[in-house]
$ cat entry22.cif   # mmCIF, C-alpha atoms
data_work
#
loop_
_atom_site.group_PDB
_atom_site.id
_atom_site.type_symbol
_atom_site.label_atom_id
_atom_site.label_comp_id
_atom_site.auth_asym_id
_atom_site.auth_seq_id
_atom_site.Cartn_x
_atom_site.Cartn_y
_atom_site.Cartn_z
ATOM 1 C CA MET A 1 98.669 76.135 111.234
ATOM 2 C CA ASP A 2 100.295 78.616 113.566
ATOM 3 C CA ASP A 3 98.641 81.056 115.949
ATOM 4 C CA ILE A 4 99.447 84.086 113.796
ATOM 5 C CA SER A 5 97.641 83.118 110.591
ATOM 6 C CA PRO A 6 93.863 83.600 110.677
ATOM 7 C CA ALA A 7 91.610 80.632 110.135
ATOM 8 C CA SER A 8 89.725 80.546 106.866
ATOM 9 C CA SER A 9 85.980 80.768 107.344
ATOM 10 C CA PRO A 10 82.892 81.474 105.215
ATOM 11 C CA GLU A 11 82.694 84.962 106.716
ATOM 12 C CA ASP A 12 86.046 85.778 105.110
ATOM 13 C CA ALA A 13 84.496 85.390 101.644
ATOM 14 C CA ALA A 14 81.697 87.910 102.287
ATOM 15 C CA PRO A 15 83.818 91.098 102.124
ATOM 16 C CA ALA A 16 84.959 90.233 98.586
ATOM 17 C CA LYS A 17 81.354 90.092 97.387
ATOM 18 C CA THR A 18 80.543 93.286 99.258
ATOM 19 C CA SER A 19 83.469 95.108 97.722
ATOM 20 C CA LEU A 20 82.432 93.885 94.255
ATOM 21 C CA LEU A 21 78.899 95.146 94.870
ATOM 22 C CA ARG A 22 80.243 98.462 96.143
ATOM 23 C CA THR A 23 82.475 98.732 93.088
ATOM 24 C CA ARG A 24 79.531 98.156 90.739
ATOM 25 C CA ILE A 25 77.365 100.683 92.575
ATOM 26 C CA ARG A 26 80.224 103.192 92.513
ATOM 27 C CA GLN A 27 80.614 102.660 88.763
ATOM 28 C CA LEU A 28 76.901 103.296 88.223
ATOM 29 C CA THR A 29 76.746 106.408 90.394
ATOM 30 C CA THR A 30 80.052 108.215 89.865
ATOM 31 C CA PRO A 31 80.560 110.589 88.248
ATOM 32 C CA TRP A 32 77.204 112.208 88.927
ATOM 33 C CA TRP A 33 76.135 112.142 85.283
ATOM 34 C CA ARG A 34 76.076 108.328 85.269
ATOM 35 C CA LEU A 35 73.534 108.345 88.098
ATOM 36 C CA VAL A 36 71.425 110.884 86.185
ATOM 37 C CA TRP A 37 71.837 108.765 83.048
ATOM 38 C CA LEU A 38 70.722 105.630 84.909
ATOM 39 C CA ILE A 39 67.643 107.270 86.442
ATOM 40 C CA GLY A 40 66.771 109.027 83.178
ATOM 41 C CA GLY A 41 67.271 105.795 81.242
ATOM 42 C CA LEU A 42 64.952 103.898 83.553
ATOM 43 C CA ALA A 43 62.304 106.624 83.270
ATOM 44 C CA TRP A 44 62.787 106.662 79.469
ATOM 45 C CA ALA A 45 62.340 102.873 79.327
ATOM 46 C CA VAL A 46 59.160 102.972 81.405
ATOM 47 C CA VAL A 47 57.618 105.758 79.313
ATOM 48 C CA PHE A 48 58.414 104.160 75.969
ATOM 49 C CA ASN A 49 57.305 100.715 77.133
ATOM 50 C CA VAL A 50 53.994 102.162 78.325
ATOM 51 C CA VAL A 51 53.561 103.881 74.955
ATOM 52 C CA TYR A 52 54.449 100.638 73.159
ATOM 53 C CA VAL A 53 51.964 98.590 75.188
ATOM 54 C CA THR A 54 49.135 101.152 74.993
ATOM 55 C CA THR A 55 49.447 101.403 71.215
ATOM 56 C CA GLY A 56 48.923 97.661 70.959
ATOM 57 C CA GLY A 57 52.504 96.922 69.964
ATOM 58 C CA THR A 58 51.939 98.128 66.414
ATOM 59 C CA GLN A 59 55.065 100.301 66.339
ATOM 60 C CA GLU A 60 57.925 97.924 67.124
ATOM 61 C CA TRP A 61 60.487 100.716 67.148
ATOM 62 C CA TRP A 62 58.979 102.072 70.401
ATOM 63 C CA GLY A 63 60.232 98.969 72.167
ATOM 64 C CA ILE A 64 63.707 99.305 70.673
ATOM 65 C CA VAL A 65 63.924 103.011 71.490
ATOM 66 C CA SER A 66 63.017 102.263 75.106
ATOM 67 C CA VAL A 67 66.275 100.406 75.753
ATOM 68 C CA VAL A 68 68.703 102.762 73.975
ATOM 69 C CA PRO A 69 69.781 104.851 77.031
ATOM 70 C CA ILE A 70 70.333 101.777 79.217
ATOM 71 C CA ALA A 71 72.255 100.044 76.418
ATOM 72 C CA LEU A 72 74.470 103.102 75.980
ATOM 73 C CA LEU A 73 75.099 103.247 79.728
ATOM 74 C CA LEU A 74 76.092 99.582 79.719
ATOM 75 C CA LEU A 75 78.445 100.173 76.783
ATOM 76 C CA ASP A 76 80.049 103.035 78.696
ATOM 77 C CA LEU A 77 80.455 100.802 81.756
ATOM 78 C CA LEU A 78 82.008 98.067 79.634
ATOM 79 C CA ARG A 79 84.435 100.619 78.219
ATOM 80 C CA LEU A 80 85.326 101.752 81.724
ATOM 81 C CA GLU A 81 85.805 98.151 82.887
ATOM 82 C CA ARG A 82 88.093 97.421 79.932
ATOM 83 C CA LEU A 83 90.193 100.515 80.669
ATOM 84 C CA GLU A 84 90.494 99.585 84.352
ATOM 85 C CA ARG A 85 91.530 96.022 83.492
ATOM 86 C CA ALA A 86 94.120 97.261 80.998
ATOM 87 C CA ALA A 87 95.541 99.638 83.618
ATOM 88 C CA GLU A 88 95.669 96.807 86.173
ATOM 89 C CA GLN A 89 97.456 94.526 83.703
ATOM 90 C CA LYS A 90 99.939 97.284 82.982
ATOM 91 C CA ARG A 91 100.601 97.744 86.721
ATOM 92 C CA GLN A 92 101.061 93.998 87.146
ATOM 93 C CA ALA A 93 103.508 93.891 84.230
ATOM 94 C CA GLU A 94 105.515 96.750 85.728
ATOM 95 C CA LEU A 95 105.637 94.973 89.097
ATOM 96 C CA LYS A 96 106.898 91.800 87.440
ATOM 97 C CA LYS A 97 109.663 93.777 85.690
ATOM 98 C CA ARG A 98 110.792 95.288 89.010
ATOM 99 C CA GLY A 99 110.640 92.104 91.017
#
$ encode --input "entry22.cif" --output "C-alpha cells"
Amino acid sequence: MDDISPASSPEDAAPAKTSLLRTRIRQLTTPWWRLVWLIGGLAWAVVFNVVYVTTGGTQEWWGIVSVVPIALLLLDLLRLERLERAAEQKRQAELKKRG
C-alpha cells in the first residue's frame, strides 16, 4: 500500500449507511405532499385502529382501512425507486457505450 491511498477502516463504511438513511428520509419528506401523506397516514392508522379495537374487532374492514394510506405511500415510493433505478441503469448503459 502506498502513502497516497487511504487505509480501509470500519469508519469508512458508516457514510454509506448514513447516505442511504438520508436518501430514504428525503424520499419520505420531499416533495412536501409526501410528508403530509406520511403524517396523515399515521394519524389515519391510529384513529382507525382505535375504532377497530374499541368496537371489539367486530368490523374487520376497519383494520384494513387503517393501512390504506400507508400502503399507497409505500407503493408510490416503490414506483419512485423503480424509476430511479431505471434511470441509473440507462446512465450506466450510456457510459459503457461511450467508454
$ closest_residue --input "entry22.cif" --among "A:Lys90, A:Trp33, A:Leu77, A:Val65" --to "A:Ala45" --atoms "all atoms listed in the file"
A:Val65
$ axis_aligned_box --input "entry22.cif" --around "stretch 51-63 of chain A" --padding-each-side "5 Å" --output "lines of an AutoDock Vina configuration file"
center_x = 54.7
center_y = 100.4
center_z = 70.8
size_x = 21.6
size_y = 17.0
size_z = 18.8
$ resolve_selection --input "entry22.cif" --expression "the PyMOL selection byres ((chain A and resi 48) around 12)" --output "CSV table (one decimal) with C-alpha atoms, keeping the file's coordinate frame"
chain,number,residue,atom,x,y,z
A,41,GLY,CA,67.3,105.8,81.2
A,42,LEU,CA,65.0,103.9,83.6
A,43,ALA,CA,62.3,106.6,83.3
A,44,TRP,CA,62.8,106.7,79.5
A,45,ALA,CA,62.3,102.9,79.3
A,46,VAL,CA,59.2,103.0,81.4
A,47,VAL,CA,57.6,105.8,79.3
A,49,ASN,CA,57.3,100.7,77.1
A,50,VAL,CA,54.0,102.2,78.3
A,51,VAL,CA,53.6,103.9,75.0
A,52,TYR,CA,54.4,100.6,73.2
A,53,VAL,CA,52.0,98.6,75.2
A,54,THR,CA,49.1,101.2,75.0
A,55,THR,CA,49.4,101.4,71.2
A,57,GLY,CA,52.5,96.9,70.0
A,59,GLN,CA,55.1,100.3,66.3
A,60,GLU,CA,57.9,97.9,67.1
A,61,TRP,CA,60.5,100.7,67.1
A,62,TRP,CA,59.0,102.1,70.4
A,63,GLY,CA,60.2,99.0,72.2
A,64,ILE,CA,63.7,99.3,70.7
A,65,VAL,CA,63.9,103.0,71.5
A,66,SER,CA,63.0,102.3,75.1
A,67,VAL,CA,66.3,100.4,75.8
A,68,VAL,CA,68.7,102.8,74.0
A,69,PRO,CA,69.8,104.9,77.0
$ atom_distance --input "entry22.cif" --atom1 "atom CA of A:Leu38" --atom2 "atom CA of A:Thr58"
27.4 Å
$ atom_distance --input "entry22.cif" --atom1 "atom CA of A:Pro31" --atom2 "atom CA of A:Ala87"
19.1 Å
$ atom_distance --input "entry22.cif" --atom1 "atom CA of A:Thr29" --atom2 "atom CA of A:Glu84"
16.5 Å
$ decode --input "entry22.cif" --residues "stretch 34-46 of chain A" --atoms "all heavy atoms" --output "compact mmCIF listing (two decimals), in the first residue's frame"
# COMPACT_ATOMS: atom_id res chain seq x y z
N ARG A 34 -45.58 14.34 0.27
CA ARG A 34 -45.29 13.01 0.82
C ARG A 34 -45.18 13.06 2.33
O ARG A 34 -45.61 12.14 3.01
CB ARG A 34 -43.99 12.45 0.23
CG ARG A 34 -44.20 11.78 -1.07
CD ARG A 34 -43.06 10.83 -1.39
NE ARG A 34 -43.15 10.47 -2.77
CZ ARG A 34 -42.34 10.90 -3.72
NH1 ARG A 34 -41.33 11.67 -3.42
NH2 ARG A 34 -42.51 10.52 -4.96
N LEU A 35 -44.60 14.13 2.86
CA LEU A 35 -44.52 14.29 4.31
C LEU A 35 -45.92 14.42 4.90
O LEU A 35 -46.24 13.77 5.90
CB LEU A 35 -43.66 15.51 4.68
CG LEU A 35 -43.53 15.81 6.16
CD1 LEU A 35 -42.88 14.64 6.90
CD2 LEU A 35 -42.75 17.08 6.37
N VAL A 36 -46.77 15.21 4.26
CA VAL A 36 -48.15 15.37 4.72
C VAL A 36 -48.87 14.02 4.63
O VAL A 36 -49.61 13.63 5.55
CB VAL A 36 -48.88 16.45 3.89
CG1 VAL A 36 -50.37 16.47 4.20
CG2 VAL A 36 -48.25 17.80 4.13
N TRP A 37 -48.64 13.29 3.55
CA TRP A 37 -49.24 11.98 3.35
C TRP A 37 -48.80 11.00 4.44
O TRP A 37 -49.61 10.26 4.99
CB TRP A 37 -48.83 11.47 1.99
CG TRP A 37 -49.55 10.29 1.44
CD1 TRP A 37 -50.44 9.48 2.08
CD2 TRP A 37 -49.42 9.76 0.12
NE1 TRP A 37 -50.86 8.48 1.23
CE2 TRP A 37 -50.25 8.64 0.02
CE3 TRP A 37 -48.66 10.13 -0.99
CZ2 TRP A 37 -50.35 7.89 -1.15
CZ3 TRP A 37 -48.77 9.39 -2.14
CH2 TRP A 37 -49.61 8.28 -2.20
N LEU A 38 -47.50 11.04 4.78
CA LEU A 38 -46.98 10.16 5.82
C LEU A 38 -47.60 10.48 7.18
O LEU A 38 -48.09 9.59 7.88
CB LEU A 38 -45.46 10.28 5.90
CG LEU A 38 -44.77 9.47 6.99
CD1 LEU A 38 -44.96 7.98 6.76
CD2 LEU A 38 -43.30 9.82 7.05
N ILE A 39 -47.61 11.74 7.55
CA ILE A 39 -48.18 12.14 8.85
C ILE A 39 -49.68 11.85 8.88
O ILE A 39 -50.20 11.31 9.86
CB ILE A 39 -47.87 13.62 9.13
CG1 ILE A 39 -46.36 13.80 9.33
CG2 ILE A 39 -48.65 14.12 10.35
CD1 ILE A 39 -45.91 15.24 9.36
N GLY A 40 -50.38 12.21 7.80
CA GLY A 40 -51.81 11.94 7.72
C GLY A 40 -52.11 10.44 7.76
O GLY A 40 -53.06 10.00 8.39
N GLY A 41 -51.27 9.66 7.08
CA GLY A 41 -51.46 8.21 7.07
C GLY A 41 -51.26 7.60 8.44
O GLY A 41 -51.99 6.67 8.83
N LEU A 42 -50.27 8.10 9.16
CA LEU A 42 -50.05 7.60 10.53
C LEU A 42 -51.22 7.96 11.43
O LEU A 42 -51.69 7.13 12.22
CB LEU A 42 -48.74 8.13 11.08
CG LEU A 42 -47.47 7.57 10.42
CD1 LEU A 42 -46.24 8.29 10.95
CD2 LEU A 42 -47.36 6.08 10.64
N ALA A 43 -51.71 9.21 11.31
CA ALA A 43 -52.86 9.62 12.12
C ALA A 43 -54.09 8.80 11.73
O ALA A 43 -54.84 8.34 12.60
CB ALA A 43 -53.14 11.12 11.91
N TRP A 44 -54.30 8.58 10.44
CA TRP A 44 -55.40 7.76 9.93
C TRP A 44 -55.34 6.36 10.53
O TRP A 44 -56.34 5.81 10.99
CB TRP A 44 -55.29 7.72 8.41
CG TRP A 44 -56.25 6.85 7.67
CD1 TRP A 44 -56.15 5.51 7.50
CD2 TRP A 44 -57.41 7.27 6.97
NE1 TRP A 44 -57.18 5.06 6.73
CE2 TRP A 44 -57.97 6.11 6.39
CE3 TRP A 44 -58.03 8.48 6.76
CZ2 TRP A 44 -59.13 6.15 5.62
CZ3 TRP A 44 -59.17 8.51 5.99
CH2 TRP A 44 -59.72 7.37 5.44
N ALA A 45 -54.13 5.76 10.51
CA ALA A 45 -53.96 4.40 11.03
C ALA A 45 -54.28 4.34 12.52
O ALA A 45 -54.95 3.40 12.98
CB ALA A 45 -52.54 3.92 10.78
N VAL A 46 -53.83 5.32 13.28
CA VAL A 46 -54.09 5.33 14.72
C VAL A 46 -55.59 5.44 14.98
O VAL A 46 -56.15 4.68 15.77
CB VAL A 46 -53.32 6.48 15.42
CG1 VAL A 46 -53.81 6.69 16.83
CG2 VAL A 46 -51.82 6.20 15.39
